[in-house]
$ cat entry.csv   # CSV, C-alpha atoms
chain,number,residue,atom,x,y,z
A,421,MET,CA,-115.4,-13.4,57.1
A,422,THR,CA,-112.0,-14.3,58.5
A,423,ALA,CA,-111.2,-10.8,59.8
A,424,GLY,CA,-109.2,-11.1,63.0
A,425,PHE,CA,-107.3,-14.0,61.6
A,426,SER,CA,-104.3,-13.6,59.4
A,427,ARG,CA,-102.3,-16.7,58.9
A,428,SER,CA,-99.8,-17.9,56.5
A,429,ALA,CA,-101.1,-20.4,54.0
A,430,ARG,CA,-99.3,-23.2,55.7
A,431,SER,CA,-101.0,-23.4,59.1
A,432,PRO,CA,-99.2,-23.9,62.4
A,433,CYS,CA,-100.5,-27.4,62.6
A,434,THR,CA,-99.1,-28.3,59.3
A,435,ARG,CA,-95.7,-27.1,60.4
A,436,ALA,CA,-96.0,-28.8,63.8
A,437,PHE,CA,-96.9,-32.1,62.1
A,438,GLU,CA,-94.0,-31.8,59.7
A,439,GLU,CA,-91.6,-31.1,62.4
A,440,ALA,CA,-92.8,-34.1,64.4
A,441,ARG,CA,-92.8,-36.3,61.3
A,442,THR,CA,-89.9,-38.5,60.2
A,443,VAL,CA,-91.9,-40.9,58.0
A,444,ASP,CA,-94.4,-40.4,55.3
A,445,PRO,CA,-97.8,-39.5,56.9
A,446,ARG,CA,-99.8,-42.0,54.9
A,447,ARG,CA,-97.5,-44.8,55.5
A,448,GLY,CA,-97.6,-44.0,59.1
A,449,GLY,CA,-95.5,-46.9,60.3
A,450,ALA,CA,-92.4,-46.5,62.5
A,451,PRO,CA,-89.0,-46.1,60.8
A,452,ASP,CA,-87.3,-49.3,59.9
A,453,ASP,CA,-85.0,-49.2,62.8
A,454,PRO,CA,-85.9,-51.7,65.5
A,455,GLY,CA,-83.2,-50.4,67.8
A,456,ARG,CA,-84.8,-47.0,67.9
A,457,ARG,CA,-87.5,-46.2,70.4
A,458,GLU,CA,-89.9,-43.4,70.0
A,459,THR,CA,-90.0,-40.6,72.5
A,460,PRO,CA,-93.3,-40.1,74.3
A,461,ALA,CA,-93.7,-36.7,72.6
A,462,ARG,CA,-93.2,-38.2,69.2
A,463,GLU,CA,-95.7,-40.9,70.1
A,464,ALA,CA,-98.2,-38.3,71.1
A,465,HIS,CA,-97.7,-36.5,67.9
A,466,ARG,CA,-98.4,-39.6,65.9
A,467,ALA,CA,-101.6,-40.2,67.9
A,468,ILE,CA,-102.7,-36.6,67.4
A,469,GLU,CA,-102.1,-36.9,63.7
A,470,ALA,CA,-104.2,-40.0,63.5
A,471,ILE,CA,-106.9,-38.5,65.6
A,472,TRP,CA,-106.9,-35.4,63.4
A,473,ARG,CA,-107.5,-37.6,60.3
A,474,ILE,CA,-110.5,-39.0,62.0
A,475,GLU,CA,-111.9,-35.9,63.6
A,476,SER,CA,-111.0,-33.0,61.3
A,477,ALA,CA,-113.8,-33.3,58.8
A,478,ARG,CA,-116.5,-33.7,61.4
A,479,LEU,CA,-115.0,-30.8,63.4
A,480,ILE,CA,-114.9,-28.5,60.5
A,481,ALA,CA,-118.3,-29.5,59.3
A,482,ARG,CA,-120.0,-28.8,62.7
A,483,LEU,CA,-118.2,-25.5,63.0
A,484,ALA,CA,-119.0,-24.5,59.5
A,485,ARG,CA,-122.7,-25.1,60.3
A,486,LEU,CA,-122.3,-22.9,63.4
A,487,VAL,CA,-120.4,-20.0,61.9
A,488,GLY,CA,-121.6,-20.4,58.3
A,489,ASP,CA,-118.1,-20.1,56.7
A,490,ILE,CA,-115.6,-22.7,55.8
A,491,GLY,CA,-112.5,-20.5,56.3
A,492,THR,CA,-113.4,-19.5,59.8
A,493,ALA,CA,-114.5,-23.1,60.6
A,494,GLU,CA,-111.1,-24.4,59.5
A,495,GLU,CA,-109.2,-21.8,61.5
A,496,LEU,CA,-111.2,-22.7,64.6
A,497,ALA,CA,-110.6,-26.4,64.1
A,498,GLN,CA,-106.9,-25.8,63.7
A,499,ASP,CA,-106.8,-23.6,66.8
A,500,ALA,CA,-108.2,-26.7,68.7
A,501,LEU,CA,-105.5,-28.9,67.0
A,502,VAL,CA,-102.7,-26.5,68.0
A,503,ALA,CA,-104.1,-26.6,71.6
A,504,ALA,CA,-104.0,-30.4,71.5
A,505,LEU,CA,-100.4,-30.4,70.1
A,506,GLU,CA,-99.4,-28.2,73.0
A,507,GLN,CA,-101.3,-30.0,75.8
A,508,TRP,CA,-101.6,-33.7,74.9
A,509,PRO,CA,-97.9,-34.6,74.8
A,510,ILE,CA,-97.8,-33.4,78.5
A,511,SER,CA,-101.2,-34.3,79.8
A,512,GLY,CA,-101.8,-37.4,77.7
A,513,VAL,CA,-104.4,-38.0,75.0
A,514,PRO,CA,-107.9,-37.5,76.5
A,515,GLU,CA,-110.2,-40.5,76.6
A,516,ARG,CA,-112.6,-38.9,74.2
A,517,PRO,CA,-110.4,-36.8,71.9
A,518,GLY,CA,-113.2,-35.8,69.5
A,519,PRO,CA,-115.4,-34.0,72.1
A,520,TRP,CA,-112.3,-32.4,73.6
A,521,LEU,CA,-111.4,-30.9,70.2
A,522,MET,CA,-115.0,-29.8,69.6
A,523,ALA,CA,-115.3,-28.1,73.0
A,524,THR,CA,-112.0,-26.3,72.5
A,525,ALA,CA,-113.0,-25.2,69.1
A,526,LYS,CA,-116.4,-23.9,70.3
A,527,HIS,CA,-114.7,-22.0,73.0
A,528,ARG,CA,-112.5,-20.3,70.4
A,529,ALA,CA,-115.6,-19.6,68.4
A,530,THR,CA,-117.1,-17.8,71.3
A,531,ASP,CA,-113.9,-15.7,71.7
A,532,LEU,CA,-114.0,-15.0,68.0
A,533,ILE,CA,-117.5,-13.8,68.1
A,534,ARG,CA,-116.7,-11.5,71.0
A,535,ARG,CA,-113.7,-10.1,69.1
A,536,ARG,CA,-115.8,-9.3,66.0
A,537,LYS,CA,-115.4,-5.5,65.6
A,538,THR,CA,-118.9,-4.2,65.2
A,539,LEU,CA,-122.0,-5.2,67.1
A,540,GLY,CA,-123.8,-5.7,63.8
A,541,GLN,CA,-121.4,-8.4,62.8
A,542,LYS,CA,-121.7,-10.0,66.2
A,543,TYR,CA,-125.4,-10.2,66.1
A,544,GLU,CA,-125.3,-11.5,62.5
A,545,GLN,CA,-123.0,-14.3,63.6
A,546,LEU,CA,-125.0,-15.2,66.6
A,547,GLY,CA,-128.2,-15.1,64.7
A,548,ARG,CA,-126.8,-17.4,62.1
A,549,ALA,CA,-125.4,-19.8,64.7
A,550,ILE,CA,-128.8,-20.0,66.4
A,551,GLU,CA,-130.6,-20.3,63.2
A,552,ARG,CA,-128.4,-23.1,62.1
A,553,GLU,CA,-128.7,-25.0,65.4
A,554,GLN,CA,-132.5,-24.9,65.1
A,555,GLU,CA,-132.4,-25.9,61.5
A,556,GLY,CA,-130.3,-28.9,62.3
A,557,THR,CA,-132.4,-30.1,65.1
A,558,ASP,CA,-135.7,-29.5,63.3
A,559,LEU,CA,-134.7,-31.2,60.1
A,560,ASP,CA,-132.9,-34.3,61.0
A,561,THR,CA,-132.6,-34.8,64.7
A,562,ALA,CA,-131.7,-38.4,64.4
A,563,ILE,CA,-128.7,-38.2,62.1
A,564,ASP,CA,-127.6,-34.7,63.3
A,565,GLU,CA,-126.2,-36.3,66.4
A,566,ASP,CA,-123.6,-38.2,64.5
A,567,PHE,CA,-122.5,-35.4,62.2
A,568,GLY,CA,-124.0,-36.9,59.1
A,569,ASP,CA,-125.8,-33.8,57.9
A,570,ASP,CA,-122.9,-31.6,58.8
A,571,LEU,CA,-120.6,-33.6,56.6
A,572,LEU,CA,-123.0,-33.6,53.8
A,573,GLY,CA,-123.5,-29.9,54.1
A,574,LEU,CA,-119.7,-29.3,54.1
A,575,MET,CA,-119.3,-31.5,51.0
A,576,PHE,CA,-122.0,-29.5,49.1
A,577,MET,CA,-120.4,-26.2,50.2
A,578,ALA,CA,-116.9,-27.2,49.3
A,579,CYS,CA,-118.2,-28.3,45.9
A,580,HIS,CA,-120.4,-25.3,45.2
A,581,PRO,CA,-120.7,-24.5,41.5
A,582,VAL,CA,-119.3,-21.0,42.0
A,583,LEU,CA,-115.9,-22.7,42.5
A,584,SER,CA,-113.8,-23.9,39.7
A,585,LYS,CA,-113.2,-27.7,39.4
A,586,ASP,CA,-109.6,-27.3,40.7
A,587,ALA,CA,-110.8,-25.2,43.6
A,588,ARG,CA,-113.4,-27.8,44.5
A,589,VAL,CA,-110.9,-30.6,44.5
A,590,ALA,CA,-108.4,-28.8,46.6
A,591,LEU,CA,-110.9,-27.5,49.1
A,592,THR,CA,-112.6,-30.9,49.5
A,593,LEU,CA,-109.3,-32.8,50.0
A,594,ARG,CA,-108.3,-30.2,52.6
A,595,VAL,CA,-111.5,-30.0,54.7
A,596,LEU,CA,-113.1,-33.4,54.1
A,597,GLY,CA,-110.1,-35.6,53.2
A,598,GLY,CA,-108.0,-34.2,56.0
A,599,LEU,CA,-104.9,-33.7,53.7
A,600,THR,CA,-102.4,-31.0,54.3
A,601,THR,CA,-101.7,-28.4,51.7
A,602,ASP,CA,-98.3,-30.0,51.1
A,603,GLU,CA,-99.9,-33.4,50.5
A,604,ILE,CA,-102.4,-32.0,48.0
A,605,ALA,CA,-99.6,-30.2,46.2
A,606,ARG,CA,-97.5,-33.4,46.1
A,607,ALA,CA,-100.4,-35.4,44.8
A,608,PHE,CA,-101.2,-33.0,42.0
A,609,LEU,CA,-97.5,-32.3,41.2
A,610,VAL,CA,-97.9,-28.5,41.5
A,611,PRO,CA,-96.1,-26.1,43.8
A,612,VAL,CA,-97.4,-25.8,47.4
A,613,SER,CA,-98.0,-22.1,47.0
A,614,ARG,CA,-100.4,-22.7,44.1
A,615,ILE,CA,-102.6,-25.1,46.1
A,616,ALA,CA,-102.4,-22.8,49.2
A,617,GLN,CA,-103.6,-19.9,47.0
A,618,ARG,CA,-106.3,-22.0,45.4
A,619,ILE,CA,-107.7,-22.9,48.8
A,620,VAL,CA,-107.5,-19.3,50.1
A,621,ARG,CA,-109.3,-18.0,47.0
A,622,ALA,CA,-111.9,-20.7,47.1
A,623,LYS,CA,-112.8,-19.8,50.7
A,624,ARG,CA,-112.9,-16.1,49.7
A,625,THR,CA,-115.2,-16.9,46.7
A,626,LEU,CA,-117.6,-18.8,48.9
A,627,ALA,CA,-117.7,-16.0,51.5
A,628,GLU,CA,-118.2,-13.3,48.8
A,629,ALA,CA,-120.9,-15.2,47.1
A,630,HIS,CA,-122.6,-15.7,50.5
A,631,VAL,CA,-122.8,-19.4,49.9
A,632,ARG,CA,-125.0,-20.9,52.6
A,633,PHE,CA,-124.1,-24.0,54.6
A,634,GLU,CA,-127.0,-26.3,53.6
A,635,VAL,CA,-128.0,-29.6,52.3
A,636,PRO,CA,-129.8,-28.6,49.1
A,637,ARG,CA,-133.1,-30.1,48.6
A,638,ASP,CA,-135.6,-30.3,45.7
A,639,SER,CA,-134.8,-28.8,42.4
A,640,ASP,CA,-131.3,-27.5,43.4
A,641,ARG,CA,-130.2,-30.9,44.6
A,642,ALA,CA,-129.5,-32.7,41.4
A,643,ALA,CA,-127.2,-30.0,40.0
A,644,ARG,CA,-125.4,-29.6,43.3
A,645,LEU,CA,-124.9,-33.3,43.6
A,646,ALA,CA,-123.5,-33.5,40.1
A,647,SER,CA,-120.9,-31.0,41.2
A,648,VAL,CA,-119.9,-33.2,44.1
A,649,LEU,CA,-119.8,-36.3,42.0
A,650,GLU,CA,-117.6,-34.6,39.4
A,651,MET,CA,-115.2,-33.6,42.1
A,652,ILE,CA,-114.9,-37.2,43.4
A,653,TYR,CA,-114.4,-38.5,39.8
A,654,LEU,CA,-111.7,-35.9,39.2
A,655,ILE,CA,-109.8,-36.9,42.3
A,656,PHE,CA,-110.1,-40.6,41.4
A,657,ASN,CA,-108.9,-40.0,37.8
A,658,GLU,CA,-105.9,-38.0,39.0
A,659,GLY,CA,-104.9,-40.9,41.2
A,660,TYR,CA,-105.7,-43.6,38.6
A,661,SER,CA,-103.6,-42.0,35.9
A,662,ALA,CA,-100.6,-42.2,38.2
A,663,THR,CA,-100.9,-45.8,39.4
A,664,ALA,CA,-98.0,-46.9,37.3
A,665,GLY,CA,-95.5,-44.5,38.9
A,666,GLU,CA,-93.2,-45.0,41.8
A,667,ASP,CA,-94.9,-42.3,43.9
A,668,TRP,CA,-97.5,-43.6,46.3
A,669,VAL,CA,-99.1,-40.2,47.1
A,670,ARG,CA,-100.8,-39.9,43.7
A,671,PRO,CA,-102.3,-43.4,43.7
A,672,ALA,CA,-103.5,-42.8,47.2
A,673,LEU,CA,-105.9,-40.2,45.7
A,674,CYS,CA,-107.9,-43.2,44.4
A,675,GLU,CA,-108.4,-44.3,47.9
A,676,ASP,CA,-109.4,-40.8,49.0
A,677,ALA,CA,-111.9,-40.6,46.1
A,678,MET,CA,-113.4,-44.0,47.1
A,679,ARG,CA,-113.6,-43.0,50.7
A,680,LEU,CA,-115.4,-39.7,49.8
A,681,GLY,CA,-117.7,-41.7,47.6
A,682,ARG,CA,-118.6,-44.2,50.4
A,683,ILE,CA,-119.2,-41.3,52.8
A,684,LEU,CA,-121.6,-39.7,50.2
A,685,ALA,CA,-123.3,-43.0,49.5
A,686,GLU,CA,-123.9,-43.5,53.2
A,687,LEU,CA,-125.2,-40.0,53.8
A,688,ALA,CA,-127.3,-39.8,50.7
A,689,PRO,CA,-128.2,-43.4,50.1
A,690,LEU,CA,-131.2,-42.7,47.9
A,691,GLU,CA,-129.2,-41.0,45.2
A,692,SER,CA,-128.6,-43.6,42.5
A,693,GLU,CA,-126.0,-41.5,40.8
A,694,VAL,CA,-123.7,-41.9,43.8
A,695,HIS,CA,-123.9,-45.6,43.7
A,696,GLY,CA,-123.3,-45.5,40.0
A,697,LEU,CA,-120.1,-43.5,40.5
A,698,ILE,CA,-118.8,-45.9,43.2
A,699,ALA,CA,-119.4,-48.8,41.0
A,700,LEU,CA,-117.5,-47.1,38.2
A,701,ILE,CA,-114.4,-46.3,40.2
B,1062,MET,CA,-103.9,-48.4,52.7
B,1063,ARG,CA,-106.1,-51.3,53.5
B,1064,VAL,CA,-105.9,-53.1,56.8
B,1065,LEU,CA,-107.6,-56.3,58.0
B,1066,ILE,CA,-108.8,-56.3,61.5
B,1067,LEU,CA,-109.0,-59.8,63.0
B,1068,ALA,CA,-111.2,-60.2,66.1
B,1069,LYS,CA,-109.8,-62.8,68.4
B,1070,GLU,CA,-112.3,-63.0,71.2
B,1071,GLY,CA,-111.0,-66.2,72.8
B,1072,GLU,CA,-113.5,-68.7,74.3
B,1073,ARG,CA,-116.5,-66.4,74.0
B,1074,SER,CA,-116.6,-66.7,70.2
B,1075,GLU,CA,-117.0,-70.4,70.6
B,1076,THR,CA,-120.1,-70.3,72.7
B,1077,ALA,CA,-123.5,-69.7,71.1
B,1078,THR,CA,-124.6,-67.1,73.7
B,1079,PRO,CA,-125.7,-64.0,71.8
B,1080,PRO,CA,-124.4,-60.6,73.0
B,1081,THR,CA,-126.6,-58.5,75.2
B,1082,ALA,CA,-128.9,-56.0,73.6
B,1083,GLU,CA,-126.7,-53.2,75.1
B,1084,ALA,CA,-123.5,-54.6,73.7
B,1085,MET,CA,-125.1,-55.1,70.3
B,1086,ALA,CA,-126.3,-51.5,70.3
B,1087,ALA,CA,-122.9,-50.2,71.2
B,1088,HIS,CA,-121.3,-52.3,68.5
B,1089,GLN,CA,-123.8,-51.1,66.0
B,1090,LYS,CA,-123.2,-47.4,66.9
B,1091,PHE,CA,-119.5,-47.8,66.5
B,1092,ASN,CA,-119.8,-49.7,63.2
B,1093,GLU,CA,-122.1,-47.0,61.9
B,1094,GLU,CA,-119.6,-44.3,62.7
B,1095,LEU,CA,-116.9,-46.2,60.8
B,1096,VAL,CA,-119.2,-46.6,57.8
B,1097,LYS,CA,-120.1,-42.9,57.8
B,1098,ALA,CA,-116.4,-42.1,57.8
B,1099,GLY,CA,-116.0,-44.2,54.7
B,1100,VAL,CA,-113.6,-46.5,56.5
B,1101,VAL,CA,-115.3,-49.9,56.1
B,1102,VAL,CA,-114.7,-51.8,52.9
B,1103,GLY,CA,-116.0,-55.1,54.2
B,1104,SER,CA,-116.8,-57.0,57.3
B,1105,GLY,CA,-118.1,-60.3,58.6
B,1106,ARG,CA,-118.8,-62.4,61.6
B,1107,LEU,CA,-117.8,-66.1,61.6
B,1108,SER,CA,-119.7,-69.0,63.0
B,1109,PRO,CA,-118.1,-71.0,65.9
B,1110,SER,CA,-115.2,-73.2,64.9
B,1111,SER,CA,-117.2,-76.2,65.7
B,1112,GLN,CA,-118.9,-75.6,62.4
B,1113,GLY,CA,-115.6,-75.0,60.6
B,1114,LYS,CA,-113.3,-77.3,58.6
B,1115,ARG,CA,-109.6,-77.3,57.9
B,1116,VAL,CA,-107.8,-78.9,55.0
B,1117,GLN,CA,-104.3,-80.0,55.8
B,1118,PHE,CA,-101.8,-80.2,52.9
B,1119,ASP,CA,-99.0,-82.7,53.0
B,1120,GLY,CA,-97.4,-83.3,49.6
B,1121,LYS,CA,-100.0,-84.9,47.5
B,1122,LYS,CA,-102.2,-85.8,50.5
B,1123,ARG,CA,-105.2,-83.7,51.7
B,1124,ARG,CA,-106.7,-84.3,55.0
B,1125,VAL,CA,-110.0,-82.7,56.1
B,1126,ILE,CA,-110.1,-81.8,59.8
B,1127,ASP,CA,-113.4,-81.0,61.5
B,1128,GLY,CA,-113.8,-78.3,64.1
B,1129,PRO,CA,-113.9,-77.3,66.9
B,1130,PHE,CA,-110.2,-76.2,66.9
B,1131,ALA,CA,-108.2,-76.3,70.0
B,1132,GLU,CA,-106.1,-73.1,70.0
B,1133,SER,CA,-109.1,-70.9,71.0
B,1134,LYS,CA,-107.0,-67.8,71.7
B,1135,GLU,CA,-106.0,-67.6,68.1
B,1136,LEU,CA,-109.4,-68.3,66.6
B,1137,VAL,CA,-110.8,-65.5,64.5
B,1138,ALA,CA,-114.4,-64.6,65.4
B,1139,GLY,CA,-114.9,-61.9,62.9
B,1140,TYR,CA,-113.1,-59.4,60.6
B,1141,TRP,CA,-113.2,-56.0,59.1
B,1142,LEU,CA,-111.5,-54.7,56.0
B,1143,TRP,CA,-110.8,-51.0,56.5
B,1144,GLN,CA,-109.4,-48.3,54.3
B,1145,VAL,CA,-107.4,-45.9,56.3
B,1146,ARG,CA,-104.4,-43.6,55.7
B,1147,SER,CA,-102.1,-45.1,58.2
B,1148,ILE,CA,-101.8,-47.9,60.8
B,1149,ASP,CA,-102.0,-45.1,63.4
B,1150,GLU,CA,-105.5,-44.2,62.1
B,1151,ALA,CA,-106.6,-47.8,62.3
B,1152,LEU,CA,-105.3,-48.0,65.9
B,1153,GLU,CA,-107.1,-44.8,66.9
B,1154,TRP,CA,-110.4,-46.2,65.4
B,1155,LEU,CA,-109.9,-49.5,67.0
B,1156,LYS,CA,-109.2,-48.1,70.5
B,1157,ARG,CA,-112.7,-46.5,70.3
B,1158,ALA,CA,-114.4,-49.9,69.9
B,1159,PRO,CA,-116.8,-50.7,72.7
B,1160,TYR,CA,-115.4,-54.1,73.6
B,1161,ASP,CA,-114.3,-55.3,77.0
B,1162,GLY,CA,-112.4,-58.4,76.1
B,1163,GLY,CA,-110.4,-60.1,73.4
B,1164,ILE,CA,-107.5,-59.2,71.1
B,1165,PHE,CA,-107.9,-57.4,67.8
B,1166,GLU,CA,-105.1,-57.8,65.4
B,1167,VAL,CA,-104.3,-55.1,62.7
B,1168,ARG,CA,-102.6,-56.3,59.6
B,1169,GLU,CA,-101.9,-54.3,56.5
B,1170,VAL,CA,-103.1,-55.7,53.2
B,1171,PRO,CA,-100.4,-54.5,50.8
B,1172,MET,CA,-101.4,-53.6,47.3
B,1173,HIS,CA,-98.7,-54.2,44.8
B,1174,GLU,CA,-100.1,-52.7,41.6
B,1175,GLY,CA,-103.0,-50.5,40.8
B,1176,VAL,CA,-105.6,-50.1,43.4
$ encode --input "entry.csv" --output "structure tokens"
Amino acid sequence: MTAGFSRSARSPCTRAFEEARTVDPRRGGAPDDPGRRETPAREAHRAIEAIWRIESARLIARLARLVGDIGTAEELAQDALVAALEQWPISGVPERPGPWLMATAKHRATDLIRRRKTLGQKYEQLGRAIEREQEGTDLDTAIDEDFGDDLLGLMFMACHPVLSKDARVALTLRVLGGLTTDEIARAFLVPVSRIAQRIVRAKRTLAEAHVRFEVPRDSDRAARLASVLEMIYLIFNEGYSATAGEDWVRPALCEDAMRLGRILAELAPLESEVHGLIALI
Amino acid sequence: MRVLILAKEGERSETATPPTAEAMAAHQKFNEELVKAGVVVGSGRLSPSSQGKRVQFDGKKRRVIDGPFAESKELVAGYWLWQVRSIDEALEWLKRAPYDGGIFEVREVPMHEGV
């Protein structure tokens, strides 16, 4: 599905962030040197990083619904981020950064569809995009506007049972938690290359299994939901078992798990199992 | 990390005039967005300080002081407890709030052990 894109596992935005970064990303604060002033470019990078934390999941979710594929959606979202990293330090952060990123990503999506090699592929993509748009508006017009169903769909997709537990965890933290591959690797104490591979393979598995972007209903829903809950619990447990250590990255996984749990509870409020899990963690 | 957002709205939090329906809707929309992003851990709105009390400690002595309190600029009108990844994220969220007055203070709630 990602033909036309070939990227190293560590995306340009990851590298750009890391170059701009002198303090730990989750601590976020300025270095403890009151005499030092931040350059405007560095300030813009910090703002962009924070905006990315807020926008990335929604961006990827909406794009995944449009193109039907997480890998492509993430590439498009990151293209928009790279554009922001290039332009915002010069032009300033736009007043509504979310819509700016979305418009840029959709623009790239159009380019991508044009670049698709065969007409057949092109029509397939367009057809899917249109089909998804209609589905979205028909089913849940009210919450569709604020990305609710998109996020839920992305969560179900990233936690699809065709994926191993490890793959679900890594992919979810990446696309919904907004963590970089490096951060995930540090949190799980494994080499970056292994996490990068896990994510690449997970995306490929989803594409090859033709996993649909959808919010499962009826009989399928309980099993799919269990798969999501298990992922949240695994992330929490990994963080919880590390709370005694010096490292703050691993305990932060507990916060990530709780945040994912709260999102799920808000988006699927009628599922008692979700509330049960949140109470447990 | 957890941060406490203290809403210091100045005089307006001391008067009983309710916000306009428009302002209320804008606030609600913003709050819903926060909740859907899993950011909100807790929140609350406080009554005017005229209904508040203070207890002053001085050695063994305790003195109860009735509201309203004078330093209206520093009075807290409401609060949010947020879970975010950085102060920067909190600032980006806060900047999006649909308010046209007041000062909102962001303070980290450090956690020393466990979660």
$ closest_atom_pairs --input "entry.csv" --of "chain B" --to "chain A" --cutoff "8 Å" --atoms "all atoms listed in the file" --output "tab-separated table"
residue	atom	partner	partner_atom	distance
B:Met1062	CA	A:Glu675	CA	7.8
B:Glu1094	CA	A:Asp566	CA	7.5
B:Val1096	CA	A:Glu686	CA	7.3
B:Lys1097	CA	A:Ile683	CA	5.3
B:Ala1098	CA	A:Ile683	CA	5.8
B:Gly1099	CA	A:Ile683	CA	4.7
B:Val1100	CA	A:Arg679	CA	6.8
B:Gln1144	CA	A:Glu675	CA	7.6
B:Arg1146	CA	A:Arg446	CA	4.9
B:Ser1147	CA	A:Gly448	CA	4.7
B:Ile1148	CA	A:Gly448	CA	6.0
B:Asp1149	CA	A:Ala470	CA	5.6
B:Glu1150	CA	A:Ala470	CA	4.6
B:Glu1153	CA	A:Ile471	CA	6.4
B:Trp1154	CA	A:Ile474	CA	8.0
B:Glu1174	CA	A:Thr663	CA	7.3
B:Gly1175	CA	A:Thr663	CA	5.3
B:Val1176	CA	A:Cys674	CA	7.3
$ residues_near_point --input "entry.csv" --point "(-113.5, -77.2, 55.1)" --cutoff "12 Å" --atoms "all atoms listed in the file" --output "ChimeraX atom specification"
/B:1110-1117,1123-1129
$ write_last_selection --input "entry.csv" --atoms "C-alpha atoms" --output "compact mmCIF listing (two decimals), in the frame of the given file"
# COMPACT_ATOMS: atom_id res chain seq x y z
CA SER B 1110 -115.20 -73.20 64.90
CA SER B 1111 -117.20 -76.20 65.70
CA GLN B 1112 -118.90 -75.60 62.40
CA GLY B 1113 -115.60 -75.00 60.60
CA LYS B 1114 -113.30 -77.30 58.60
CA ARG B 1115 -109.60 -77.30 57.90
CA VAL B 1116 -107.80 -78.90 55.00
CA GLN B 1117 -104.30 -80.00 55.80
CA ARG B 1123 -105.20 -83.70 51.70
CA ARG B 1124 -106.70 -84.30 55.00
CA VAL B 1125 -110.00 -82.70 56.10
CA ILE B 1126 -110.10 -81.80 59.80
CA ASP B 1127 -113.40 -81.00 61.50
CA GLY B 1128 -113.80 -78.30 64.10
CA PRO B 1129 -113.90 -77.30 66.90
$ atom_distance --input "entry.csv" --atom1 "CA of Leu479 in chain A" --atom2 "CA of Phe1165 in chain B"
27.9 Å
$ residues_near_point --input "entry.csv" --point "(-107.8, -70.1, 69.1)" --cutoff "10 Å" --atoms "only C-alpha atoms" --output "list in words"
Lys1069, Glu1070, Gly1071, Glu1072, Ser1074, Glu1075, Ser1110, Pro1129, Phe1130, Ala1131, Glu1132, Ser1133, Lys1134, Glu1135, Leu1136, Val1137 and Ala1138 of chain B
$ atom_distance --input "entry.csv" --atom1 "CA of Gly598 in chain A" --atom2 "CA of Ala493 in chain A"
13.7 Å
$ atom_distance --input "entry.csv" --atom1 "CA of Phe576 in chain A" --atom2 "CA of Gly597 in chain A"
14.0 Å
$ closest_residue --input "entry.csv" --among "A:Val635, A:Asp640, A:Leu645, A:Met651" --to "Ala590 in chain A" --atoms "all atoms listed in the file"
A:Met651
$ residues_around --input "entry.csv" --residues "Arg614 in chain A" --least-positions-apart "5" --cutoff "10 Å" --atoms "all atoms listed in the file" --output "PyMOL selection string"
chain A and resi 601+605+619-620
$ write_last_selection --input "entry.csv" --atoms "C-alpha atoms" --output "short mmCIF file (atom, residue, chain, number, x, y, z; two decimals), keeping the file's coordinate frame"
data_model
loop_
_atom_site.label_atom_id
_atom_site.label_comp_id
_atom_site.auth_asym_id
_atom_site.auth_seq_id
_atom_site.Cartn_x
_atom_site.Cartn_y
_atom_site.Cartn_z
CA THR A 601 -101.70 -28.40 51.70
CA ALA A 605 -99.60 -30.20 46.20
CA ILE A 619 -107.70 -22.90 48.80
CA VAL A 620 -107.50 -19.30 50.10
#
$ residues_around --input "entry.csv" --residues "Ala504 in chain A" --least-positions-apart "5" --cutoff "9 Å" --atoms "only C-alpha atoms" --output "PyMOL selection string"
chain A and resi 468+499+509+513+520-521
$ residues_around --input "entry.csv" --residues "Gly491 in chain A" --least-positions-apart "5" --cutoff "10 Å" --atoms "only C-alpha atoms" --output "NGL selection string"
:A and (421-422 or 425 or 480 or 484 or 496-497 or 595 or 619-620 or 622-624 or 626-627)
$ residues_around --input "entry.csv" --residues "Arg632 in chain A" --least-positions-apart "2" --cutoff "7 Å" --atoms "only C-alpha atoms" --output "CSV table (one decimal) with C-alpha atoms, in the coordinates of the input"
chain,number,residue,atom,x,y,z
A,488,GLY,CA,-121.6,-20.4,58.3
A,630,HIS,CA,-122.6,-15.7,50.5
A,634,GLU,CA,-127.0,-26.3,53.6
$ closest_residue --input "entry.csv" --among "B:Leu1142, B:Met1172, B:Leu1095, B:Ala1087" --to "Pro1159 in chain B" --atoms "all atoms listed in the file"
B:Ala1087
$ closest_residue --input "entry.csv" --among "A:Glu506, A:Asp531, A:Asp586, A:Glu658" --to "Arg621 in chain A" --atoms "all atoms listed in the file"
A:Asp586
$ closest_residue --input "entry.csv" --among "B:Ala1068, B:Gln1089, B:Arg1106, B:Glu1083" --to "Arg1168 in chain B" --atoms "all atoms listed in the file"
B:Ala1068
$ closest_residue --input "entry.csv" --among "A:Ala607, A:Val582, A:Ala464, A:Leu654" --to "Glu628 in chain A" --atoms "all atoms listed in the file"
A:Val582
$ decode --input "entry.csv" --residues "range 1158-1171 of chain B" --atoms "C-alpha atoms" --output "mmCIF file, in the first residue's frame"
data_model
loop_
_atom_site.group_PDB
_atom_site.id
_atom_site.type_symbol
_atom_site.label_atom_id
_atom_site.label_comp_id
_atom_site.auth_asym_id
_atom_site.auth_seq_id
_atom_site.Cartn_x
_atom_site.Cartn_y
_atom_site.Cartn_z
ATOM 1 C CA ALA B 1158 -9.363 27.851 25.201
ATOM 2 C CA PRO B 1159 -12.148 30.186 24.052
ATOM 3 C CA TYR B 1160 -11.748 32.802 26.787
ATOM 4 C CA ASP B 1161 -11.361 36.528 26.335
ATOM 5 C CA GLY B 1162 -10.105 37.523 29.764
ATOM 6 C CA GLY B 1163 -8.356 36.373 32.912
ATOM 7 C CA ILE B 1164 -5.119 34.624 33.704
ATOM 8 C CA PHE B 1165 -4.745 30.864 33.683
ATOM 9 C CA GLU B 1166 -1.884 29.491 35.687
ATOM 10 C CA VAL B 1167 -0.198 26.168 34.828
ATOM 11 C CA ARG B 1168 1.511 24.343 37.666
ATOM 12 C CA GLU B 1169 3.045 20.892 37.611
ATOM 13 C CA VAL B 1170 1.870 18.398 40.214
ATOM 14 C CA PRO B 1171 5.043 16.374 40.782
#
